[in-house]
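Raw input38.txt, compact mmCIF, C-alpha atoms and all ligand atoms:
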```txt
# COMPACT_ATOMS: atom_id res chain seq x y z
CA MET A 1268 134.70 -113.81 -170.92
CA ASN A 1269 133.98 -110.62 -168.96
CA ALA A 1270 131.26 -110.24 -166.32
CA SER A 1271 128.69 -108.58 -168.54
CA ASP A 1272 129.15 -111.20 -171.30
CA ARG A 1273 128.59 -113.93 -168.72
CA ARG A 1274 125.38 -112.27 -167.54
CA ALA A 1275 124.20 -111.80 -171.15
CA ARG A 1276 124.75 -115.52 -171.75
CA LEU A 1277 122.83 -116.39 -168.59
CA VAL A 1278 119.90 -114.27 -169.84
CA ASP A 1279 120.02 -116.18 -173.16
CA ASP A 1280 120.03 -119.50 -171.29
CA MET A 1281 117.06 -118.41 -169.17
CA ARG A 1282 115.13 -117.39 -172.28
CA ALA A 1283 115.95 -120.77 -173.84
CA ALA A 1284 114.65 -122.44 -170.64
CA GLY A 1285 111.28 -120.74 -171.24
CA ALA A 1286 111.55 -117.75 -168.88
CA PRO A 1287 109.51 -114.77 -170.11
CA MET A 1288 112.36 -112.23 -170.37
CA SER A 1289 110.78 -108.80 -170.84
CA ALA A 1290 113.22 -105.98 -171.64
CA GLU A 1291 113.01 -104.85 -167.98
CA LEU A 1292 113.72 -108.32 -166.58
CA ALA A 1293 116.58 -108.92 -169.00
CA ALA A 1294 118.07 -105.55 -168.02
CA ALA A 1295 117.79 -106.38 -164.30
CA PHE A 1296 119.52 -109.77 -164.71
CA ALA A 1297 122.15 -108.12 -166.94
CA ALA A 1298 122.83 -105.46 -164.30
CA VAL A 1299 123.00 -107.42 -161.01
CA PRO A 1300 126.20 -109.46 -160.40
CA ARG A 1301 125.03 -112.81 -158.94
CA GLU A 1302 128.54 -113.56 -157.66
CA ALA A 1303 128.28 -110.60 -155.25
CA PHE A 1304 125.54 -112.51 -153.38
CA VAL A 1305 127.44 -115.78 -152.91
CA PRO A 1306 130.78 -114.51 -151.49
CA GLY A 1307 130.97 -117.53 -149.17
CA GLY A 1308 130.55 -119.94 -152.07
CA PHE A 1309 128.04 -122.75 -152.54
CA GLN A 1310 127.72 -126.49 -152.61
CA ARG A 1311 128.87 -128.32 -155.75
CA HIS A 1312 126.40 -130.87 -157.16
CA GLY A 1313 128.97 -133.63 -156.78
CA GLY A 1314 129.75 -132.64 -153.15
CA GLY A 1315 132.35 -130.21 -151.86
CA TRP A 1316 132.21 -126.44 -151.86
CA ALA A 1317 132.84 -123.97 -154.71
CA GLY A 1318 134.47 -120.75 -153.54
CA PRO A 1319 135.39 -117.44 -155.20
CA GLY A 1320 139.02 -118.58 -155.49
CA ASP A 1321 138.08 -121.59 -157.68
CA ARG A 1322 138.73 -121.37 -161.43
CA ASP A 1323 135.22 -122.54 -162.35
CA PHE A 1324 133.48 -120.30 -159.77
CA LEU A 1325 132.19 -117.66 -162.21
CA ASP A 1326 131.11 -120.31 -164.73
CA LEU A 1327 129.05 -122.06 -162.06
CA VAL A 1328 127.56 -118.78 -160.76
CA HIS A 1329 126.31 -117.94 -164.26
CA ARG A 1330 124.57 -121.26 -164.86
CA ASP A 1331 120.77 -121.36 -164.83
CA ASP A 1332 120.93 -123.43 -161.67
CA VAL A 1333 120.20 -123.24 -157.95
CA LEU A 1334 123.24 -122.45 -155.74
CA VAL A 1335 122.93 -124.02 -152.27
CA THR A 1336 124.69 -121.59 -149.91
CA LYS A 1337 123.94 -123.17 -146.52
CA VAL A 1338 123.39 -126.77 -145.41
CA ASP A 1339 122.36 -128.24 -142.09
CA GLY A 1340 123.92 -131.71 -142.13
CA ARG A 1341 122.93 -132.82 -145.64
CA MET A 1342 119.80 -130.67 -145.79
CA PRO A 1343 119.96 -127.43 -147.86
CA VAL A 1344 118.63 -124.57 -145.69
CA SER A 1345 119.43 -121.57 -147.86
CA SER A 1346 120.19 -120.98 -151.52
CA SER A 1347 120.04 -118.69 -154.51
CA SER A 1348 117.13 -120.06 -156.54
CA GLN A 1349 117.32 -121.10 -160.21
CA PRO A 1350 117.43 -117.84 -162.24
CA SER A 1351 114.82 -118.95 -164.83
CA LEU A 1352 112.39 -119.77 -162.00
CA MET A 1353 113.15 -116.39 -160.38
CA ALA A 1354 112.38 -114.71 -163.71
CA ILE A 1355 109.06 -116.56 -164.12
CA MET A 1356 108.06 -115.52 -160.59
CA LEU A 1357 109.17 -111.90 -161.09
CA ALA A 1358 107.18 -111.76 -164.35
CA ALA A 1359 104.09 -113.11 -162.54
CA LEU A 1360 104.64 -110.52 -159.80
CA ASP A 1361 104.32 -107.80 -162.47
CA VAL A 1362 106.48 -105.48 -160.41
CA ARG A 1363 106.59 -101.83 -161.52
CA PRO A 1364 108.91 -98.97 -160.58
CA GLY A 1365 107.79 -97.53 -157.24
CA HIS A 1366 106.13 -100.74 -156.01
CA ARG A 1367 106.64 -101.70 -152.38
CA VAL A 1368 107.49 -105.41 -152.22
CA LEU A 1369 107.57 -107.82 -149.30
CA GLU A 1370 109.90 -110.76 -149.89
CA ILE A 1371 109.74 -113.81 -147.62
CA GLY A 1372 113.08 -115.68 -147.71
CA ALA A 1373 115.91 -113.15 -148.15
CA GLY A 1374 118.44 -115.97 -148.71
CA THR A 1375 121.45 -114.47 -150.49
CA GLY A 1376 119.74 -111.13 -151.23
CA TYR A 1377 120.05 -111.66 -155.02
CA ASN A 1378 116.28 -111.65 -155.69
CA ALA A 1379 115.89 -108.51 -153.54
CA ALA A 1380 118.64 -106.86 -155.62
CA LEU A 1381 116.78 -107.79 -158.83
CA LEU A 1382 113.57 -106.31 -157.38
CA SER A 1383 115.48 -103.13 -156.60
CA ALA A 1384 116.86 -103.08 -160.16
CA LEU A 1385 113.24 -103.29 -161.35
CA GLY A 1386 112.53 -100.11 -159.39
CA ALA A 1387 110.89 -101.60 -156.29
CA THR A 1388 111.40 -100.77 -152.62
CA VAL A 1389 111.85 -104.04 -150.75
CA VAL A 1390 111.49 -105.42 -147.23
CA SER A 1391 112.96 -108.93 -147.20
CA VAL A 1392 112.53 -111.26 -144.23
CA ASP A 1393 114.57 -114.35 -143.38
CA VAL A 1394 114.08 -116.61 -140.37
CA GLN A 1395 117.84 -117.32 -140.05
CA ALA A 1396 119.70 -114.41 -138.45
CA ASP A 1397 123.08 -115.31 -140.01
CA VAL A 1398 121.51 -115.61 -143.46
CA ALA A 1399 119.74 -112.25 -143.08
CA ALA A 1400 122.98 -110.61 -141.91
CA ARG A 1401 124.91 -111.97 -144.91
CA ALA A 1402 122.18 -110.86 -147.34
CA SER A 1403 122.21 -107.40 -145.80
CA ALA A 1404 126.02 -107.17 -146.04
CA ALA A 1405 126.01 -108.37 -149.67
CA LEU A 1406 123.33 -105.86 -150.63
CA SER A 1407 125.31 -103.01 -149.02
CA ALA A 1408 128.59 -104.13 -150.59
CA ALA A 1409 126.92 -104.25 -154.03
CA GLY A 1410 125.52 -100.73 -153.49
CA VAL A 1411 121.90 -101.90 -153.79
CA GLU A 1412 119.44 -99.25 -152.63
CA ARG A 1413 115.88 -99.43 -151.26
CA VAL A 1414 116.22 -102.92 -149.69
CA GLN A 1415 115.80 -103.54 -145.96
CA VAL A 1416 116.50 -107.03 -144.60
CA GLN A 1417 114.77 -108.17 -141.41
CA THR A 1418 115.26 -111.31 -139.31
CA GLY A 1419 112.07 -113.09 -138.28
CA ASP A 1420 109.50 -115.73 -139.11
CA GLY A 1421 107.97 -114.68 -142.43
CA TYR A 1422 104.52 -115.61 -141.09
CA ALA A 1423 104.36 -112.15 -139.47
CA GLY A 1424 105.24 -110.35 -142.72
CA ALA A 1425 106.66 -106.90 -141.97
CA PRO A 1426 104.37 -105.26 -139.40
CA GLY A 1427 103.92 -101.51 -139.88
CA HIS A 1428 104.51 -101.65 -143.65
CA ARG A 1429 102.10 -101.62 -146.61
CA PHE A 1430 102.92 -103.41 -149.86
CA ASP A 1431 101.86 -103.60 -153.51
CA ARG A 1432 103.32 -107.07 -153.98
CA VAL A 1433 104.40 -110.10 -151.91
CA ILE A 1434 106.89 -112.66 -153.23
CA VAL A 1435 107.66 -115.81 -151.27
CA THR A 1436 110.89 -117.61 -152.19
CA VAL A 1437 110.53 -120.62 -149.92
CA GLY A 1438 107.98 -123.46 -150.13
CA VAL A 1439 104.96 -123.05 -147.83
CA ALA A 1440 101.81 -125.04 -147.05
CA GLY A 1441 99.77 -121.86 -147.23
CA LEU A 1442 99.72 -118.07 -147.07
CA SER A 1443 99.80 -116.04 -143.91
CA PRO A 1444 96.70 -113.80 -143.58
CA ARG A 1445 99.14 -111.13 -142.38
CA TRP A 1446 100.63 -110.86 -145.90
CA LEU A 1447 97.18 -110.28 -147.36
CA ASN A 1448 96.48 -107.74 -144.59
CA GLN A 1449 99.67 -105.84 -145.46
CA LEU A 1450 98.85 -105.83 -149.21
CA ASP A 1451 97.02 -102.84 -150.64
CA PRO A 1452 93.80 -103.60 -152.58
CA GLY A 1453 94.60 -104.95 -156.03
CA GLY A 1454 97.94 -106.37 -154.84
CA VAL A 1455 99.09 -109.89 -155.64
CA ALA A 1456 101.22 -112.46 -153.86
CA VAL A 1457 103.40 -114.95 -155.79
CA VAL A 1458 103.87 -117.99 -153.60
CA PRO A 1459 105.10 -121.61 -153.98
CA VAL A 1460 102.37 -123.57 -152.18
CA GLU A 1461 102.61 -127.28 -151.36
CA HIS A 1462 100.59 -129.57 -153.62
CA ALA A 1463 101.11 -133.32 -154.01
CA GLY A 1464 104.56 -133.20 -152.40
CA THR A 1465 105.97 -130.28 -154.46
CA HIS A 1466 105.50 -126.48 -154.48
CA PRO A 1467 103.81 -125.19 -157.65
CA VAL A 1468 103.94 -121.39 -157.76
CA LEU A 1469 100.59 -119.60 -157.36
CA THR A 1470 99.58 -116.01 -158.05
CA VAL A 1471 97.18 -115.27 -155.19
CA ARG A 1472 94.66 -112.45 -154.83
CA GLY A 1473 92.21 -111.52 -152.12
CA PRO A 1474 91.72 -109.65 -148.89
CA ALA A 1475 92.76 -111.29 -145.63
CA ALA A 1476 89.08 -111.82 -144.81
CA GLY A 1477 88.65 -113.77 -148.09
CA PRO A 1478 87.60 -114.79 -150.65
CA VAL A 1479 91.16 -115.76 -151.61
CA THR A 1480 91.74 -117.19 -155.09
CA ALA A 1481 94.77 -118.21 -157.12
CA GLU A 1482 96.09 -119.15 -160.54
CA VAL A 1483 98.84 -121.71 -161.06
CA ILE A 1484 102.02 -120.39 -162.69
CA CYS A 1485 104.68 -123.11 -162.87
CA PRO A 1486 106.26 -126.04 -161.02
CA SER A 1487 109.09 -125.37 -158.56
CA GLY A 1488 111.50 -127.26 -156.36
CA PHE A 1489 111.69 -124.85 -153.41
CA MET A 1490 112.89 -126.01 -150.00
CA SER A 1491 110.21 -125.96 -147.27
CA ALA A 1492 109.82 -123.06 -144.84
CA ALA A 1493 110.22 -123.28 -141.10
CA GLY A 1494 107.39 -122.53 -138.66
CA PRO A 1495 103.60 -122.22 -139.00
CA LEU A 1496 103.84 -121.60 -142.76
CA THR A 1497 104.31 -125.36 -143.17
CA ALA A 1498 101.72 -126.55 -140.66
CA THR A 1499 99.85 -129.69 -141.72
CA HIS A 1500 96.13 -129.23 -142.38
CA GLN A 1501 93.05 -131.14 -143.43
CA PHE A 1502 93.61 -130.50 -147.17
CA ALA A 1503 97.32 -131.50 -147.12
CA HIS A 1504 98.77 -134.30 -149.23
CA PRO A 1505 101.19 -136.78 -147.62
CA ALA A 1506 104.85 -135.80 -147.33
CA PRO A 1507 106.99 -137.43 -150.05
CA ALA A 1508 108.11 -141.00 -149.27
CA ALA A 1509 111.79 -141.34 -148.39
CA PRO A 1510 113.89 -143.84 -150.39
CA GLY A 1511 113.04 -147.36 -149.23
CA GLU A 1512 109.80 -146.35 -147.49
CA LEU A 1513 107.60 -147.64 -150.34
CA ALA A 1514 107.62 -151.46 -150.69
CA PRO A 1515 108.91 -152.95 -154.01
CA LEU A 1516 106.49 -152.26 -156.87
CA THR A 1517 105.19 -154.46 -159.69
CA VAL A 1518 103.69 -153.33 -163.00
CA THR A 1519 99.88 -153.40 -162.84
CA ALA A 1520 99.08 -151.38 -166.00
CA PRO A 1521 101.22 -151.02 -169.14
CA ALA A 1522 102.74 -147.80 -170.48
CA ARG A 1523 100.18 -145.35 -171.87
CA PHE A 1524 102.42 -142.61 -173.34
CA ASP A 1525 104.89 -143.31 -176.15
CA PRO A 1526 107.12 -141.35 -176.01
CA PRO A 1527 106.84 -140.77 -172.23
CA LEU A 1528 105.56 -137.39 -171.07
CA GLY A 1529 108.13 -134.59 -171.09
CA ALA A 1530 109.05 -132.92 -167.80
CA LEU A 1531 106.41 -130.16 -168.01
CA ALA A 1532 103.53 -132.38 -169.19
CA TYR A 1533 104.39 -134.82 -166.40
CA ARG A 1534 104.09 -131.95 -163.89
CA ASP A 1535 100.69 -131.13 -165.43
CA LEU A 1536 99.52 -134.71 -164.85
CA TRP A 1537 100.99 -134.59 -161.34
CA TYR A 1538 99.11 -131.36 -160.57
CA ALA A 1539 95.80 -132.88 -161.75
CA ALA A 1540 96.48 -136.01 -159.66
CA GLY A 1541 96.86 -133.75 -156.61
CA VAL A 1542 93.51 -132.13 -157.36
CA TRP A 1543 91.74 -135.47 -157.79
CA HIS A 1544 93.43 -137.53 -155.07
CA ARG A 1545 94.24 -136.64 -151.45
CA ARG A 1546 97.07 -139.24 -151.27
CA ALA A 1547 99.06 -137.88 -154.26
CA THR A 1548 102.72 -137.16 -153.50
CA HIS A 1549 106.03 -138.48 -154.77
CA ALA A 1550 108.63 -141.12 -154.01
CA ALA A 1551 111.88 -142.52 -155.34
CA VAL A 1552 110.96 -145.48 -157.55
CA PRO A 1553 113.65 -148.05 -158.48
CA GLY A 1554 114.50 -147.78 -162.19
CA ALA A 1555 113.08 -144.25 -162.54
CA GLU A 1556 115.58 -141.44 -163.07
CA HIS A 1557 113.60 -138.91 -161.03
CA SER A 1558 111.14 -139.06 -158.17
CA CYS A 1559 107.70 -140.25 -159.40
CA LEU A 1560 104.10 -139.29 -158.79
CA VAL A 1561 102.74 -141.77 -156.23
CA LEU A 1562 99.41 -142.37 -154.50
CA LEU A 1563 100.64 -143.28 -151.04
CA ALA A 1564 98.62 -145.40 -148.57
CA GLU A 1565 98.25 -144.28 -144.95
CA ASP A 1566 100.91 -146.81 -143.90
CA ARG A 1567 103.35 -145.14 -146.38
CA ALA A 1568 104.62 -148.58 -147.50
CA GLN A 1569 101.81 -149.39 -149.94
CA GLY A 1570 100.95 -147.32 -152.96
CA ALA A 1571 100.69 -146.89 -156.72
CA ALA A 1572 103.26 -145.01 -158.81
CA ILE A 1573 102.67 -143.34 -162.17
CA PRO A 1574 105.99 -142.82 -164.02
CA PRO A 1575 106.19 -140.47 -167.07
CA ASP A 1576 105.32 -143.32 -169.47
CA GLY A 1577 101.86 -143.55 -167.87
CA SER A 1578 102.24 -147.12 -166.64
CA VAL A 1579 101.05 -148.00 -163.13
CA LEU A 1580 103.39 -149.75 -160.68
CA SER A 1581 101.89 -150.76 -157.39
CA THR A 1582 102.23 -152.59 -154.13
CA GLY A 1583 99.54 -153.54 -151.61
CA GLU A 1584 96.13 -151.76 -151.71
CA PRO A 1585 94.64 -152.57 -155.19
CA ALA A 1586 92.27 -149.60 -154.82
CA LEU A 1587 95.20 -147.20 -155.20
CA ALA A 1588 96.30 -148.89 -158.46
CA GLN A 1589 92.74 -148.52 -159.70
CA ASP A 1590 92.70 -144.84 -158.66
CA ALA A 1591 95.98 -144.30 -160.53
CA ALA A 1592 94.52 -145.82 -163.71
CA ASP A 1593 91.39 -143.64 -163.27
CA ILE A 1594 93.53 -140.49 -162.92
CA LEU A 1595 95.36 -141.29 -166.17
CA ARG A 1596 92.08 -141.88 -168.03
CA ARG A 1597 90.50 -138.72 -166.59
CA TRP A 1598 93.51 -136.54 -167.44
CA ASP A 1599 93.33 -137.74 -171.05
CA ALA A 1600 89.54 -137.33 -171.16
CA GLU A 1601 89.87 -133.72 -169.90
CA GLY A 1602 92.30 -132.98 -172.76
CA ARG A 1603 95.47 -133.20 -170.63
CA PRO A 1604 94.92 -129.85 -168.85
CA PRO A 1605 98.12 -127.90 -168.13
CA MET A 1606 98.64 -126.80 -164.52
CA ARG A 1607 98.06 -123.18 -165.61
CA ALA A 1608 94.46 -124.09 -166.54
CA TRP A 1609 93.41 -124.64 -162.93
CA ARG A 1610 91.67 -121.95 -160.86
CA VAL A 1611 92.12 -122.41 -157.13
CA THR A 1612 90.01 -121.32 -154.17
CA LEU A 1613 91.78 -121.21 -150.82
CA ALA A 1614 90.43 -121.93 -147.33
CA LEU A 1615 91.75 -121.07 -143.87
CA ALA A 1616 93.41 -124.05 -142.18
CA GLY A 1617 96.53 -124.92 -140.20
CA ARG A 1618 97.24 -124.02 -136.59
CA SER A 1619 94.44 -122.23 -134.73
CA ASP A 1620 96.94 -119.68 -133.35
CA ALA A 1621 98.54 -119.13 -136.77
CA PRO A 1622 96.10 -120.05 -139.56
CA ILE A 1623 97.14 -120.17 -143.21
CA TRP A 1624 95.24 -119.92 -146.51
CA VAL A 1625 95.60 -123.27 -148.30
CA PRO A 1626 94.33 -124.59 -151.65
CA ALA A 1627 91.00 -126.32 -151.04
CA ASN A 1628 88.96 -126.28 -154.28
CA TRP A 1629 89.90 -126.35 -157.93
CA SER A 1630 88.11 -125.81 -161.23
CA LEU A 1631 89.21 -125.91 -164.86
C1 LIG B 1701 115.54 -120.43 -151.45
S1 LIG B 1701 116.09 -119.42 -150.16
C2 LIG B 1701 115.60 -117.80 -150.71
C3 LIG B 1701 116.32 -117.31 -151.93
C4 LIG B 1701 116.49 -115.81 -151.97
N1 LIG B 1701 115.26 -115.13 -152.30
C5 LIG B 1701 117.63 -115.41 -152.86
O1 LIG B 1701 117.44 -114.62 -153.80
O2 LIG B 1701 118.75 -115.85 -152.60
C6 LIG B 1701 114.89 -119.70 -148.87
C7 LIG B 1701 115.12 -118.89 -147.64
O3 LIG B 1701 113.90 -118.92 -146.89
C8 LIG B 1701 114.25 -118.80 -145.53
N2 LIG B 1701 113.11 -119.24 -144.69
C9 LIG B 1701 112.71 -120.49 -144.35
N3 LIG B 1701 111.62 -120.46 -143.56
C10 LIG B 1701 111.32 -119.15 -143.39
C11 LIG B 1701 110.32 -118.47 -142.66
N4 LIG B 1701 109.39 -119.13 -141.96
N5 LIG B 1701 110.33 -117.12 -142.69
C12 LIG B 1701 111.26 -116.43 -143.40
N6 LIG B 1701 112.24 -117.02 -144.10
C13 LIG B 1701 112.27 -118.36 -144.11
C14 LIG B 1701 115.48 -119.67 -145.38
O4 LIG B 1701 116.22 -119.30 -144.24
C15 LIG B 1701 116.20 -119.43 -146.71
O5 LIG B 1701 117.22 -118.47 -146.57
```

Rewrite the coordinates I just gave you, this time as structure tokens.
Ligand SMILES: C[S@@+](CC[C@H](N)C(=O)[O-])C[C@H]1O[C@@H](n2cnc3c(N)ncnc32)[C@H](O)[C@@H]1O
Amino acid sequence: MNASDRRARLVDDMRAAGAPMSAELAAAFAAVPREAFVPGGFQRHGGGWAGPGDRDFLDLVHRDDVLVTKVDGRMPVSSSSQPSLMAIMLAALDVRPGHRVLEIGAGTGYNAALLSALGATVVSVDVQADVAARASAALSAAGVERVQVQTGDGYAGAPGHRFDRVIVTVGVAGLSPRWLNQLDPGGVAVVPVEHAGTHPVLTVRGPAAGPVTAEVICPSGFMSAAGPLTATHQFAHPAPAAPGELAPLTVTAPARFDPPLGALAYRDLWYAAGVWHRRATHAAVPGAEHSCLVLLAEDRAQGAAIPPDGSVLSTGEPALAQDAADILRRWDAEGRPPMRAWRVTLALAGRSDAPIWVPANWSL
């Protein structure tokens, strides 16, 4: 299969995964060679490294999957994000030819190249100097125009520039007021903002002086940013529990959903739980295939888990098991609202020397 057939198949796979592929987006993904942005290879899911010399390299590059391009010990610290998620975010960004776009998290440079293919002029910032240098080299080698890569903490944005759009491709606890300052009136920022232990993507509007409001777009699995963008704050949920941190659980309420909730509906329930409960996060639960929604006690050993079948498994504090049952009842009573139904109001929080806009109030 030649390169353009592979890209066409990737676009089909992204569409099948639910990405809103406008003609412009499909053309951008069909034009930009993803392999040009991972010349140093990436981590295989089963361990080991896939490099350009490997026979399955191009097959793996054209999967609708994240490619981890840098690890620190076992922790991924840079990657090319999942293409269907990139497409959903680019569609929410509503980028038009001539737009000036600030990207936080240059990573491989692939998303910046797609922005350029959509007609934008891009400043992309990455906190890791080696990552920024590789992105810059890949962009030059691929002949991509109108993209400038800078090294620095994305909190500062790109001083001296004005933008029509901001896209953040790393998980943050909140938005830097500097991004909103550098956005022209009417601009939007698309940002994965921490909520209940994950990073749902928000479309955020508002001047740096506020009011700042947001709509919820989709779930995401972004890695967390470095620096003040991930400061803890008074509205924050607990960090996810590591395997073994939560004590063994017993069933305290039977399954409620038959069949169990699908992946997206489960994220909708999870989002609502984060709105209604300050201790919502997630944890590995024995017997569950994926990490589960959990209400975690202050001691991080007690808690109540809600798996996709809507049962409640708990340990310790009975109040949390009761809260979990109440969340399930309330979510049903509200008509199982999807995460996109929530309207969010943000408040300034975080470090006093580097405040961030964080979700603080929600309405349906
Ligand atoms: C998922 S990758 C970005 C993917 C990228 N847009 C692409 O197309 O390949 C996240 C990147 O965010 C960067 N990052 C983490 N914290 C940051 C911060 N505070 N400021 C700027 N970049 C940051 C990481 O170094 C990493 O390269």

List as JSON lines every residue of chain A that is in contact with ligand LIG 1701 (chain B), defined as an atom at most 8 Å from one of its atoms (using all atoms listed in the file), together with the nearest atom pair and the distance in Å rounded to one decimal, sorted by chain and then rising number.
```
{"residue": "A:Phe1304", "atom": "CA", "partner": "B:LIG1701", "partner_atom": "O2", "distance": 7.6}
{"residue": "A:Val1344", "atom": "CA", "partner": "B:LIG1701", "partner_atom": "C15", "distance": 5.8}
{"residue": "A:Ser1345", "atom": "CA", "partner": "B:LIG1701", "partner_atom": "O5", "distance": 4.0}
{"residue": "A:Ser1346", "atom": "CA", "partner": "B:LIG1701", "partner_atom": "S1", "distance": 4.6}
{"residue": "A:Ser1347", "atom": "CA", "partner": "B:LIG1701", "partner_atom": "O2", "distance": 3.7}
{"residue": "A:Ser1348", "atom": "CA", "partner": "B:LIG1701", "partner_atom": "C1", "distance": 5.3}
{"residue": "A:Glu1370", "atom": "CA", "partner": "B:LIG1701", "partner_atom": "N1", "distance": 7.3}
{"residue": "A:Ile1371", "atom": "CA", "partner": "B:LIG1701", "partner_atom": "C12", "distance": 5.2}
{"residue": "A:Gly1372", "atom": "CA", "partner": "B:LIG1701", "partner_atom": "O3", "distance": 3.4}
{"residue": "A:Ala1373", "atom": "CA", "partner": "B:LIG1701", "partner_atom": "N1", "distance": 4.6}
{"residue": "A:Gly1374", "atom": "CA", "partner": "B:LIG1701", "partner_atom": "O5", "distance": 3.5}
{"residue": "A:Thr1375", "atom": "CA", "partner": "B:LIG1701", "partner_atom": "O2", "distance": 3.7}
{"residue": "A:Gly1376", "atom": "CA", "partner": "B:LIG1701", "partner_atom": "O1", "distance": 4.9}
{"residue": "A:Tyr1377", "atom": "CA", "partner": "B:LIG1701", "partner_atom": "O1", "distance": 4.1}
{"residue": "A:Asn1378", "atom": "CA", "partner": "B:LIG1701", "partner_atom": "O1", "distance": 3.7}
{"residue": "A:Ala1379", "atom": "CA", "partner": "B:LIG1701", "partner_atom": "O1", "distance": 6.3}
{"residue": "A:Val1392", "atom": "CA", "partner": "B:LIG1701", "partner_atom": "C12", "distance": 5.4}
{"residue": "A:Asp1393", "atom": "CA", "partner": "B:LIG1701", "partner_atom": "N6", "distance": 3.6}
{"residue": "A:Val1394", "atom": "CA", "partner": "B:LIG1701", "partner_atom": "C12", "distance": 4.1}
{"residue": "A:Gln1395", "atom": "CA", "partner": "B:LIG1701", "partner_atom": "O4", "distance": 4.9}
{"residue": "A:Val1398", "atom": "CA", "partner": "B:LIG1701", "partner_atom": "O5", "distance": 6.0}
{"residue": "A:Ala1399", "atom": "CA", "partner": "B:LIG1701", "partner_atom": "O5", "distance": 7.6}
{"residue": "A:Thr1418", "atom": "CA", "partner": "B:LIG1701", "partner_atom": "C12", "distance": 7.7}
{"residue": "A:Gly1419", "atom": "CA", "partner": "B:LIG1701", "partner_atom": "C12", "distance": 6.2}
{"residue": "A:Asp1420", "atom": "CA", "partner": "B:LIG1701", "partner_atom": "N5", "distance": 3.9}
{"residue": "A:Gly1421", "atom": "CA", "partner": "B:LIG1701", "partner_atom": "N5", "distance": 3.4}
{"residue": "A:Tyr1422", "atom": "CA", "partner": "B:LIG1701", "partner_atom": "N4", "distance": 6.1}
{"residue": "A:Val1435", "atom": "CA", "partner": "B:LIG1701", "partner_atom": "N1", "distance": 7.7}
{"residue": "A:Thr1436", "atom": "CA", "partner": "B:LIG1701", "partner_atom": "C2", "distance": 4.9}
{"residue": "A:Val1437", "atom": "CA", "partner": "B:LIG1701", "partner_atom": "C6", "distance": 4.6}
{"residue": "A:Gly1438", "atom": "CA", "partner": "B:LIG1701", "partner_atom": "C6", "distance": 8.0}
{"residue": "A:Phe1489", "atom": "CA", "partner": "B:LIG1701", "partner_atom": "C1", "distance": 6.2}
{"residue": "A:Met1490", "atom": "CA", "partner": "B:LIG1701", "partner_atom": "C1", "distance": 6.3}
{"residue": "A:Ser1491", "atom": "CA", "partner": "B:LIG1701", "partner_atom": "C9", "distance": 6.7}
{"residue": "A:Ala1492", "atom": "CA", "partner": "B:LIG1701", "partner_atom": "N3", "distance": 3.4}
{"residue": "A:Ala1493", "atom": "CA", "partner": "B:LIG1701", "partner_atom": "N3", "distance": 4.0}
{"residue": "A:Gly1494", "atom": "CA", "partner": "B:LIG1701", "partner_atom": "N4", "distance": 5.1}
{"residue": "A:Pro1495", "atom": "CA", "partner": "B:LIG1701", "partner_atom": "N4", "distance": 7.2}
{"residue": "A:Leu1496", "atom": "CA", "partner": "B:LIG1701", "partner_atom": "N4", "distance": 6.1}
```

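Atom pair CA of Ala1408 (chain A) / CA of Val1335 (chain A): separated by 20.7 Å.
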
Could you give me, as an mmCIF file with C-alpha atoms, in the coordinates of the input, the residues within 12 Å of region 1271-1286 of chain A, counting only C-alpha atoms and dropping anything in the same chain fewer than 3 positions from it?
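The result, stored in around15.cif:
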```
data_model
loop_
_atom_site.group_PDB
_atom_site.id
_atom_site.type_symbol
_atom_site.label_atom_id
_atom_site.label_comp_id
_atom_site.auth_asym_id
_atom_site.auth_seq_id
_atom_site.Cartn_x
_atom_site.Cartn_y
_atom_site.Cartn_z
ATOM 1 C CA MET A 1268 134.700 -113.810 -170.920
ATOM 2 C CA SER A 1289 110.780 -108.800 -170.840
ATOM 3 C CA ALA A 1290 113.220 -105.980 -171.640
ATOM 4 C CA GLU A 1291 113.010 -104.850 -167.980
ATOM 5 C CA LEU A 1292 113.720 -108.320 -166.580
ATOM 6 C CA ALA A 1293 116.580 -108.920 -169.000
ATOM 7 C CA ALA A 1294 118.070 -105.550 -168.020
ATOM 8 C CA ALA A 1295 117.790 -106.380 -164.300
ATOM 9 C CA PHE A 1296 119.520 -109.770 -164.710
ATOM 10 C CA ALA A 1297 122.150 -108.120 -166.940
ATOM 11 C CA ALA A 1298 122.830 -105.460 -164.300
ATOM 12 C CA VAL A 1299 123.000 -107.420 -161.010
ATOM 13 C CA PRO A 1300 126.200 -109.460 -160.400
ATOM 14 C CA ARG A 1301 125.030 -112.810 -158.940
ATOM 15 C CA GLU A 1302 128.540 -113.560 -157.660
ATOM 16 C CA LEU A 1325 132.190 -117.660 -162.210
ATOM 17 C CA ASP A 1326 131.110 -120.310 -164.730
ATOM 18 C CA LEU A 1327 129.050 -122.060 -162.060
ATOM 19 C CA VAL A 1328 127.560 -118.780 -160.760
ATOM 20 C CA HIS A 1329 126.310 -117.940 -164.260
ATOM 21 C CA ARG A 1330 124.570 -121.260 -164.860
ATOM 22 C CA ASP A 1331 120.770 -121.360 -164.830
ATOM 23 C CA ASP A 1332 120.930 -123.430 -161.670
ATOM 24 C CA GLN A 1349 117.320 -121.100 -160.210
ATOM 25 C CA PRO A 1350 117.430 -117.840 -162.240
ATOM 26 C CA SER A 1351 114.820 -118.950 -164.830
ATOM 27 C CA LEU A 1352 112.390 -119.770 -162.000
ATOM 28 C CA MET A 1353 113.150 -116.390 -160.380
ATOM 29 C CA ALA A 1354 112.380 -114.710 -163.710
ATOM 30 C CA ILE A 1355 109.060 -116.560 -164.120
ATOM 31 C CA MET A 1356 108.060 -115.520 -160.590
ATOM 32 C CA LEU A 1357 109.170 -111.900 -161.090
ATOM 33 C CA ALA A 1358 107.180 -111.760 -164.350
ATOM 34 C CA ALA A 1359 104.090 -113.110 -162.540
ATOM 35 C CA ILE A 1484 102.020 -120.390 -162.690
ATOM 36 C CA CYS A 1485 104.680 -123.110 -162.870
ATOM 37 C CA LEU A 1531 106.410 -130.160 -168.010
#
```
